[in-house]
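S.K.: Sharing coords.cif, mmCIF, C-alpha atoms and all ligand atoms:
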data_model
loop_
_atom_site.label_atom_id
_atom_site.label_comp_id
_atom_site.auth_asym_id
_atom_site.auth_seq_id
_atom_site.Cartn_x
_atom_site.Cartn_y
_atom_site.Cartn_z
CA MET M 1208 -32.89 204.03 -18.32
CA ALA M 1209 -30.75 202.99 -21.31
CA ASP M 1210 -28.04 200.37 -20.77
CA PRO M 1211 -24.63 201.88 -20.01
CA ALA M 1212 -22.46 202.27 -23.10
CA ILE M 1213 -19.86 199.62 -23.80
CA VAL M 1214 -16.36 201.01 -23.31
CA LYS M 1215 -13.59 199.41 -25.38
CA ILE M 1216 -9.92 200.27 -24.97
CA CYS M 1217 -8.03 199.18 -28.06
CA GLY M 1218 -4.38 198.56 -28.91
CA ILE M 1219 -3.29 197.15 -25.55
CA LYS M 1220 0.17 195.57 -25.71
CA THR M 1221 1.27 194.79 -22.16
CA PRO M 1222 0.00 192.71 -19.24
CA ASP M 1223 0.32 195.72 -16.91
CA LEU M 1224 -1.85 197.96 -19.06
CA LEU M 1225 -4.36 195.13 -19.50
CA GLU M 1226 -4.55 194.74 -15.71
CA ALA M 1227 -5.02 198.51 -15.25
CA THR M 1228 -7.76 198.59 -17.92
CA ILE M 1229 -9.68 195.76 -16.29
CA ALA M 1230 -9.33 197.42 -12.88
CA ALA M 1231 -10.61 200.72 -14.31
CA GLY M 1232 -13.83 199.02 -15.39
CA ALA M 1233 -13.65 198.77 -19.21
CA ASP M 1234 -16.02 196.31 -20.90
CA MET M 1235 -13.82 195.26 -23.82
CA VAL M 1236 -10.15 195.29 -24.72
CA GLY M 1237 -8.72 195.22 -28.22
CA PHE M 1238 -5.40 193.75 -29.33
CA MET M 1239 -3.95 194.69 -32.73
CA HIS M 1240 -2.52 191.91 -34.86
CA PHE M 1241 -1.35 193.90 -37.87
CA MET M 1242 2.37 194.31 -38.57
CA ARG M 1243 2.18 197.93 -39.74
CA SER M 1244 0.52 199.11 -36.54
CA PRO M 1245 2.57 200.63 -33.70
CA ARG M 1246 0.22 198.57 -31.47
CA HIS M 1247 0.97 195.23 -33.16
CA VAL M 1248 1.30 192.20 -30.90
CA THR M 1249 2.57 188.80 -32.04
CA ILE M 1250 0.46 185.66 -31.92
CA GLU M 1251 2.40 184.55 -28.82
CA GLN M 1252 1.69 187.85 -27.04
CA LEU M 1253 -1.96 187.57 -28.12
CA ALA M 1254 -2.21 184.13 -26.56
CA ASP M 1255 -0.85 185.41 -23.25
CA LEU M 1256 -3.00 188.57 -23.21
CA ILE M 1257 -6.20 186.68 -24.09
CA SER M 1258 -5.59 184.09 -21.41
CA GLN M 1259 -4.89 186.84 -18.83
CA ALA M 1260 -8.21 188.51 -19.75
CA ARG M 1261 -10.41 185.43 -20.14
CA GLY M 1262 -13.55 185.53 -18.01
CA ARG M 1263 -12.69 189.01 -16.73
CA ILE M 1264 -13.33 191.25 -19.73
CA GLU M 1265 -14.37 190.73 -23.36
CA THR M 1266 -11.44 190.39 -25.75
CA CYS M 1267 -11.26 191.53 -29.36
CA VAL M 1268 -8.46 190.89 -31.87
CA VAL M 1269 -8.18 193.53 -34.60
CA LEU M 1270 -7.24 192.20 -38.05
CA VAL M 1271 -6.96 193.91 -41.42
CA ASN M 1272 -8.08 191.90 -44.44
CA PRO M 1273 -6.74 188.66 -42.92
CA ASP M 1274 -6.08 185.53 -44.97
CA ASN M 1275 -7.53 182.18 -43.93
CA SER M 1276 -4.44 181.04 -42.05
CA CYS M 1277 -4.36 184.22 -39.97
CA VAL M 1278 -8.07 183.82 -39.16
CA ALA M 1279 -7.50 180.19 -38.11
CA GLU M 1280 -4.49 181.09 -35.94
CA VAL M 1281 -6.41 183.82 -34.14
CA ALA M 1282 -9.64 181.81 -33.84
CA ALA M 1283 -7.68 179.04 -32.12
CA LEU M 1284 -7.00 181.48 -29.26
CA ALA M 1285 -10.77 181.87 -28.79
CA PRO M 1286 -11.12 185.62 -28.32
CA ASP M 1287 -14.69 186.84 -27.80
CA TRP M 1288 -14.51 189.03 -30.91
CA ILE M 1289 -12.57 189.55 -34.11
CA GLN M 1290 -12.62 193.15 -35.37
CA LEU M 1291 -12.26 193.37 -39.15
CA HIS M 1292 -10.77 196.77 -39.92
CA GLY M 1293 -9.90 196.46 -43.59
CA PRO M 1294 -11.71 196.54 -46.93
CA GLU M 1295 -13.38 193.15 -46.34
CA THR M 1296 -16.50 192.64 -48.47
CA PRO M 1297 -19.76 191.54 -46.83
CA HIS M 1298 -19.23 188.06 -48.29
CA ARG M 1299 -15.72 187.85 -46.81
CA VAL M 1300 -17.00 189.01 -43.41
CA GLU M 1301 -19.65 186.28 -43.50
CA THR M 1302 -17.05 183.63 -44.44
CA ILE M 1303 -14.69 184.71 -41.66
CA ARG M 1304 -17.53 184.64 -39.13
CA GLU M 1305 -18.42 181.08 -40.15
CA GLU M 1306 -14.81 179.86 -40.24
CA ALA M 1307 -13.71 181.48 -37.00
CA GLY M 1308 -16.86 180.81 -35.00
CA VAL M 1309 -16.18 184.11 -33.23
CA GLN M 1310 -18.35 187.23 -33.03
CA ILE M 1311 -17.44 189.82 -35.63
CA LEU M 1312 -17.11 193.57 -35.08
CA LYS M 1313 -16.93 195.15 -38.55
CA ALA M 1314 -15.27 198.55 -38.74
CA ILE M 1315 -16.55 200.91 -41.40
CA PRO M 1316 -14.79 204.17 -42.27
CA ILE M 1317 -17.10 207.17 -42.45
CA GLY M 1318 -16.38 210.35 -44.39
CA SER M 1319 -19.52 210.92 -46.44
CA ALA M 1320 -23.23 210.13 -46.71
CA GLU M 1321 -22.30 207.34 -49.13
CA ASP M 1322 -20.15 205.71 -46.45
CA VAL M 1323 -23.09 205.81 -44.04
CA ALA M 1324 -25.30 204.12 -46.65
CA ASN M 1325 -22.59 201.44 -46.96
CA VAL M 1326 -23.15 200.31 -43.36
CA ALA M 1327 -26.45 198.53 -44.12
CA GLN M 1328 -24.84 195.79 -46.20
CA TYR M 1329 -22.81 194.61 -43.20
CA VAL M 1330 -25.61 194.43 -40.66
CA ASP M 1331 -26.60 190.83 -41.36
CA VAL M 1332 -23.08 189.45 -41.74
CA ALA M 1333 -21.47 191.05 -38.68
CA ASP M 1334 -22.51 190.82 -35.04
CA ARG M 1335 -21.80 194.48 -34.41
CA ILE M 1336 -20.80 197.56 -36.41
CA LEU M 1337 -18.00 199.98 -35.48
CA VAL M 1338 -18.00 203.32 -37.27
CA ASP M 1339 -14.58 204.96 -37.51
CA ALA M 1340 -12.90 207.95 -39.14
CA LYS M 1341 -11.37 207.49 -42.58
CA PRO M 1342 -7.57 207.28 -42.49
CA PRO M 1343 -5.59 210.23 -43.85
CA LYS M 1344 -4.72 210.05 -47.58
CA GLY M 1345 -1.66 207.89 -48.18
CA ALA M 1346 -1.79 206.30 -44.71
CA ASP M 1347 -0.26 202.83 -44.48
CA ARG M 1348 -2.89 201.53 -42.06
CA PRO M 1349 -6.67 201.94 -42.05
CA GLY M 1350 -7.17 203.05 -38.45
CA GLY M 1351 -5.65 204.23 -35.22
CA HIS M 1352 -4.69 207.72 -36.43
CA GLY M 1353 -6.69 209.62 -33.82
CA GLY M 1354 -8.72 211.50 -36.44
CA THR M 1355 -12.40 212.28 -35.97
CA PHE M 1356 -15.24 212.62 -38.46
CA ASP M 1357 -18.46 214.61 -38.69
CA TRP M 1358 -20.79 212.82 -36.28
CA ASN M 1359 -23.77 214.59 -37.90
CA LEU M 1360 -23.40 212.17 -40.83
CA LEU M 1361 -24.62 209.40 -38.52
CA LYS M 1362 -28.06 211.02 -38.28
CA ALA M 1363 -28.78 209.36 -41.65
CA LEU M 1364 -28.06 205.90 -40.23
CA ASP M 1365 -31.07 203.61 -39.75
CA PRO M 1366 -31.80 204.03 -36.00
CA SER M 1367 -32.47 200.31 -35.65
CA ILE M 1368 -28.76 199.59 -36.35
CA PRO M 1369 -26.80 199.48 -33.10
CA PHE M 1370 -23.21 200.65 -33.57
CA MET M 1371 -20.08 201.49 -31.63
CA LEU M 1372 -18.26 204.78 -32.25
CA SER M 1373 -14.51 205.28 -32.71
CA GLY M 1374 -12.19 207.74 -34.37
CA GLY M 1375 -10.17 210.23 -32.37
CA LEU M 1376 -12.10 209.96 -29.12
CA THR M 1377 -10.30 211.21 -26.00
CA PRO M 1378 -11.07 211.55 -22.29
CA ASP M 1379 -12.15 215.13 -23.07
CA THR M 1380 -14.55 214.27 -25.91
CA VAL M 1381 -16.05 210.94 -24.91
CA ALA M 1382 -18.89 212.40 -22.85
CA ALA M 1383 -19.99 214.73 -25.68
CA ALA M 1384 -19.79 211.83 -28.13
CA LEU M 1385 -22.02 209.66 -25.97
CA ARG M 1386 -24.55 212.44 -25.45
CA SER M 1387 -24.74 213.69 -29.02
CA VAL M 1388 -24.36 210.44 -30.99
CA GLY M 1389 -25.91 207.94 -28.56
CA PRO M 1390 -23.88 204.91 -29.70
CA LEU M 1391 -24.07 201.41 -28.21
CA GLY M 1392 -20.46 201.88 -27.18
CA VAL M 1393 -17.24 203.82 -27.62
CA ASP M 1394 -13.78 202.66 -28.70
CA VAL M 1395 -10.47 204.46 -28.22
CA SER M 1396 -6.82 203.87 -28.99
CA SER M 1397 -4.71 206.98 -29.79
CA GLY M 1398 -6.67 209.17 -27.37
CA VAL M 1399 -5.34 207.28 -24.35
CA GLU M 1400 -1.70 207.31 -25.47
CA THR M 1401 1.28 209.61 -24.95
CA ALA M 1402 2.89 208.46 -28.24
CA PRO M 1403 1.74 206.00 -30.94
CA GLY M 1404 1.51 202.60 -29.26
CA VAL M 1405 2.30 203.92 -25.76
CA LYS M 1406 -0.84 203.73 -23.60
CA ASP M 1407 -1.11 205.82 -20.46
CA LYS M 1408 -2.87 204.26 -17.48
CA ARG M 1409 -4.14 207.64 -16.24
CA LEU M 1410 -5.63 208.51 -19.63
CA VAL M 1411 -7.31 205.09 -19.80
CA GLU M 1412 -8.81 205.65 -16.34
CA ALA M 1413 -9.95 209.16 -17.25
CA PHE M 1414 -11.58 207.94 -20.48
CA ILE M 1415 -13.57 205.27 -18.64
CA ARG M 1416 -14.48 207.60 -15.78
CA ASN M 1417 -15.71 210.32 -18.16
CA ALA M 1418 -17.66 207.82 -20.26
CA ARG M 1419 -19.43 206.49 -17.14
CA ALA M 1420 -20.13 209.97 -15.81
CA ALA M 1421 -21.79 210.98 -19.07
CA GLN M 1422 -24.65 208.54 -18.52
O1 LIG T 1501 -4.39 201.29 -34.14
C1 LIG T 1501 -3.97 200.95 -35.25
O2 LIG T 1501 -2.77 201.09 -35.54
C2 LIG T 1501 -4.90 200.37 -36.26
C3 LIG T 1501 -4.36 199.81 -37.39
C4 LIG T 1501 -5.18 199.22 -38.34
C5 LIG T 1501 -6.56 199.20 -38.16
C6 LIG T 1501 -7.12 199.79 -37.02
C7 LIG T 1501 -6.32 200.38 -36.08
N1 LIG T 1501 -6.84 200.98 -34.96
C8 LIG T 1501 -8.21 201.05 -34.57
O3 LIG T 1501 -8.87 202.20 -35.07
C9 LIG T 1501 -9.90 202.59 -34.16
C10 LIG T 1501 -9.80 204.08 -33.84
O4 LIG T 1501 -8.58 204.40 -33.29
P1 LIG T 1501 -8.24 205.87 -32.69
O5 LIG T 1501 -8.91 205.96 -31.34
O6 LIG T 1501 -8.73 206.90 -33.63
O7 LIG T 1501 -6.75 205.86 -32.54
C11 LIG T 1501 -9.74 201.67 -32.94
O8 LIG T 1501 -10.61 200.55 -33.04
C12 LIG T 1501 -8.32 201.23 -33.09
O9 LIG T 1501 -8.02 200.06 -32.42
#
Go through the file and emit its structure as structure tokens.
Ligand SMILES: O=C(O)c1ccccc1N[C@@H]1O[C@H](COP(=O)(O)O)[C@@H](O)[C@H]1O
M.R.:
Amino acid sequence: MADPAIVKICGIKTPDLLEATIAAGADMVGFMHFMRSPRHVTIEQLADLISQARGRIETCVVLVNPDNSCVAEVAALAPDWIQLHGPETPHRVETIREEAGVQILKAIPIGSAEDVANVAQYVDVADRILVDAKPPKGADRPGGHGGTFDWNLLKALDPSIPFMLSGGLTPDTVAAALRSVGPLGVDVSSGVETAPGVKDKRLVEAFIRNARAAQ
């Protein structure tokens, strides 16, 4: 039987929600460090959340096109992963991986066959790929809008590339996503919220329960 899919709950801001997410059996938690996000947490909050989670669940800090000082500040907190969710080039991803000494999850927006072809150039410089929906036109942040994309596009992806799936997943759609796309893991933020940045413990539990039941 295939390994169970990795379940990542992203955009956690509070110790209480982190505790509930660990108790519900998630594999990874994501913390946003990007000022324009409604899920942004400061470096001080990040330090507290990462130390609360250490050894209990994998931690991932989401950054968007970070400069070197931001990378160094975050790397010093020793999360398990840094998620790069901006327009970072493959060379920049490689440099950040070397400088931070942290595993890299590279997010790639998918809206066309060309975007799917774009994934290959990141495979050797990132430790894992996350495919996500493209943000709406004119959006001021590159992710976390709760939009989906056409999963059929992923059929063109080299099957030897393991990837995680995000983009508008919800407790109601996660099982279908796992069955039809067959990703290494799933990632959710908006779909377990009642308003942008406001996570709901019951939705988080339902998402994890439905993901586990699908397998
Ligand atoms: O959540 C944000 O505000 C955000 C800002 C900038 C980059 C990424 C962001 N979110 C990440 O996008 C994916 C998908 O989110 P959703 O489930 O569609 O809301 C996820 O990794 C979020 O953490």
S.K.: Which of these residues is nearest to Ser1276 of chain M, using only C-alpha atoms: M:Ile1289, M:Val1405, M:Ile1213, M:Ala1307?
M.R.: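 Selected residue with least distance to Ser1276 of chain M: M:Ala1307.
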S.K.: How far is it from atom CA of Ile1219 of chain M to atom CA of Glu1295 of chain M, in Å with one decimal?
M.R.: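 We find that atom CA of Ile1219 of chain M and atom CA of Glu1295 of chain M lie 23.5 Å from each other.
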S.K.: Go through chain M residue by residue and, counting only C-alpha atoms and all ligand atoms, keep those with an atom at most 6 Å from ligand LIG 1501 (chain T); for each kept residue give the shortest atom pair and its distance in Å to one decimal, ordered by chain and increasing number, as a Markdown table.
M.R.:
| residue | atom | partner | partner_atom | distance |
| --- | --- | --- | --- | --- |
| M:Cys1217 | CA | T:LIG1501 | O9 | 4.4 |
| M:Gly1218 | CA | T:LIG1501 | O9 | 5.3 |
| M:Ser1244 | CA | T:LIG1501 | O2 | 4.0 |
| M:Pro1245 | CA | T:LIG1501 | O2 | 5.7 |
| M:Arg1246 | CA | T:LIG1501 | O2 | 5.6 |
| M:His1292 | CA | T:LIG1501 | C5 | 5.2 |
| M:Arg1348 | CA | T:LIG1501 | C4 | 4.9 |
| M:Pro1349 | CA | T:LIG1501 | C5 | 4.8 |
| M:Gly1350 | CA | T:LIG1501 | C6 | 3.6 |
| M:Gly1351 | CA | T:LIG1501 | O7 | 3.3 |
| M:His1352 | CA | T:LIG1501 | O7 | 4.8 |
| M:Gly1353 | CA | T:LIG1501 | O6 | 3.4 |
| M:Gly1354 | CA | T:LIG1501 | O6 | 5.4 |
| M:Ser1373 | CA | T:LIG1501 | C10 | 5.0 |
| M:Gly1374 | CA | T:LIG1501 | O6 | 3.6 |
| M:Gly1375 | CA | T:LIG1501 | O6 | 3.8 |
| M:Leu1376 | CA | T:LIG1501 | O5 | 5.6 |
| M:Asp1394 | CA | T:LIG1501 | O8 | 5.8 |
| M:Val1395 | CA | T:LIG1501 | O5 | 3.8 |
| M:Ser1396 | CA | T:LIG1501 | O5 | 3.8 |
| M:Ser1397 | CA | T:LIG1501 | O7 | 3.6 |
| M:Gly1398 | CA | T:LIG1501 | O5 | 5.6 |
S.K.: For segment 1263-1352 of chain M against segment 1363-1368 of chain M, with a cut-off of 9 Å and counting only C-alpha atoms, what is the closest atom pair and its distance in Å to one decimal for every residue that makes the cut, ordered by chain and number, as JSON lines?
M.R.:
{"residue": "M:Ala1320", "atom": "CA", "partner": "M:Ala1363", "partner_atom": "CA", "distance": 7.5}
{"residue": "M:Val1323", "atom": "CA", "partner": "M:Leu1364", "partner_atom": "CA", "distance": 6.3}
{"residue": "M:Ala1324", "atom": "CA", "partner": "M:Leu1364", "partner_atom": "CA", "distance": 7.2}
{"residue": "M:Val1326", "atom": "CA", "partner": "M:Leu1364", "partner_atom": "CA", "distance": 8.1}
{"residue": "M:Ala1327", "atom": "CA", "partner": "M:Asp1365", "partner_atom": "CA", "distance": 8.1}
{"residue": "M:Val1330", "atom": "CA", "partner": "M:Ile1368", "partner_atom": "CA", "distance": 7.4}
{"residue": "M:Arg1335", "atom": "CA", "partner": "M:Ile1368", "partner_atom": "CA", "distance": 8.8}
{"residue": "M:Ile1336", "atom": "CA", "partner": "M:Ile1368", "partner_atom": "CA", "distance": 8.2}
S.K.: Keeping only C-alpha atoms, take the residues you just selected and write them out as a PDB file, in the frame of the given file.
M.R.:
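Result file selection_17.pdb:
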ATOM      1  CA  ALA M1320     -23.230 210.130 -46.710  1.00  0.00           C
ATOM      2  CA  VAL M1323     -23.090 205.810 -44.040  1.00  0.00           C
ATOM      3  CA  ALA M1324     -25.300 204.120 -46.650  1.00  0.00           C
ATOM      4  CA  VAL M1326     -23.150 200.310 -43.360  1.00  0.00           C
ATOM      5  CA  ALA M1327     -26.450 198.530 -44.120  1.00  0.00           C
ATOM      6  CA  VAL M1330     -25.610 194.430 -40.660  1.00  0.00           C
ATOM      7  CA  ARG M1335     -21.800 194.480 -34.410  1.00  0.00           C
ATOM      8  CA  ILE M1336     -20.800 197.560 -36.410  1.00  0.00           C
TER       9      ILE M1336
END
S.K.: Work out how far atom CA of Ala1418 of chain M is from atom CA of Val1214 of chain M, in Å to one decimal.
M.R.: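 So the answer is 7.6 Å.
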S.K.: N, CA and C atoms are what I want for segment 1291-1312 of chain M; can you complete it accordingly and write them as a CSV table (one decimal), in the frame of the given file?
M.R.:
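Saved result, rebuild.csv, follows:
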chain,number,residue,atom,x,y,z
M,1291,LEU,N,-12.8,193.3,-37.8
M,1291,LEU,CA,-12.3,193.4,-39.2
M,1291,LEU,C,-12.2,194.8,-39.5
M,1292,HIS,N,-11.0,195.3,-39.7
M,1292,HIS,CA,-10.8,196.8,-39.9
M,1292,HIS,C,-10.2,197.1,-41.3
M,1293,GLY,N,-10.4,196.2,-42.2
M,1293,GLY,CA,-9.9,196.5,-43.6
M,1293,GLY,C,-11.0,196.6,-44.6
M,1294,PRO,N,-10.7,196.4,-45.9
M,1294,PRO,CA,-11.7,196.5,-46.9
M,1294,PRO,C,-12.5,195.2,-47.2
M,1295,GLU,N,-12.7,194.4,-46.1
M,1295,GLU,CA,-13.4,193.2,-46.3
M,1295,GLU,C,-14.8,193.4,-46.9
M,1296,THR,N,-15.1,192.6,-47.9
M,1296,THR,CA,-16.5,192.6,-48.5
M,1296,THR,C,-17.5,192.0,-47.5
M,1297,PRO,N,-18.8,192.2,-47.7
M,1297,PRO,CA,-19.8,191.5,-46.8
M,1297,PRO,C,-19.6,190.0,-46.9
M,1298,HIS,N,-19.4,189.5,-48.1
M,1298,HIS,CA,-19.2,188.1,-48.3
M,1298,HIS,C,-18.0,187.5,-47.5
M,1299,ARG,N,-16.9,188.3,-47.5
M,1299,ARG,CA,-15.7,187.8,-46.8
M,1299,ARG,C,-16.0,187.9,-45.3
M,1300,VAL,N,-16.7,188.9,-44.9
M,1300,VAL,CA,-17.0,189.0,-43.4
M,1300,VAL,C,-17.8,187.8,-43.0
M,1301,GLU,N,-18.8,187.4,-43.8
M,1301,GLU,CA,-19.6,186.3,-43.5
M,1301,GLU,C,-18.8,185.0,-43.4
M,1302,THR,N,-17.9,184.8,-44.4
M,1302,THR,CA,-17.0,183.6,-44.4
M,1302,THR,C,-16.2,183.6,-43.2
M,1303,ILE,N,-15.6,184.7,-42.8
M,1303,ILE,CA,-14.7,184.7,-41.7
M,1303,ILE,C,-15.5,184.4,-40.4
M,1304,ARG,N,-16.7,184.9,-40.3
M,1304,ARG,CA,-17.5,184.6,-39.1
M,1304,ARG,C,-17.8,183.1,-39.0
M,1305,GLU,N,-18.1,182.5,-40.2
M,1305,GLU,CA,-18.4,181.1,-40.2
M,1305,GLU,C,-17.2,180.3,-39.8
M,1306,GLU,N,-16.0,180.6,-40.4
M,1306,GLU,CA,-14.8,179.9,-40.2
M,1306,GLU,C,-14.2,180.0,-38.8
M,1307,ALA,N,-14.3,181.2,-38.3
M,1307,ALA,CA,-13.7,181.5,-37.0
M,1307,ALA,C,-14.6,181.1,-35.9
M,1308,GLY,N,-15.9,181.1,-36.1
M,1308,GLY,CA,-16.9,180.8,-35.0
M,1308,GLY,C,-16.7,181.8,-33.9
M,1309,VAL,N,-16.4,183.0,-34.2
M,1309,VAL,CA,-16.2,184.1,-33.2
M,1309,VAL,C,-17.1,185.3,-33.6
M,1310,GLN,N,-17.6,186.0,-32.7
M,1310,GLN,CA,-18.4,187.2,-33.0
M,1310,GLN,C,-17.5,188.2,-33.8
M,1311,ILE,N,-18.2,188.9,-34.8
M,1311,ILE,CA,-17.4,189.8,-35.6
M,1311,ILE,C,-17.9,191.3,-35.4
M,1312,LEU,N,-16.9,192.1,-35.1
M,1312,LEU,CA,-17.1,193.6,-35.1
M,1312,LEU,C,-16.6,194.1,-36.4
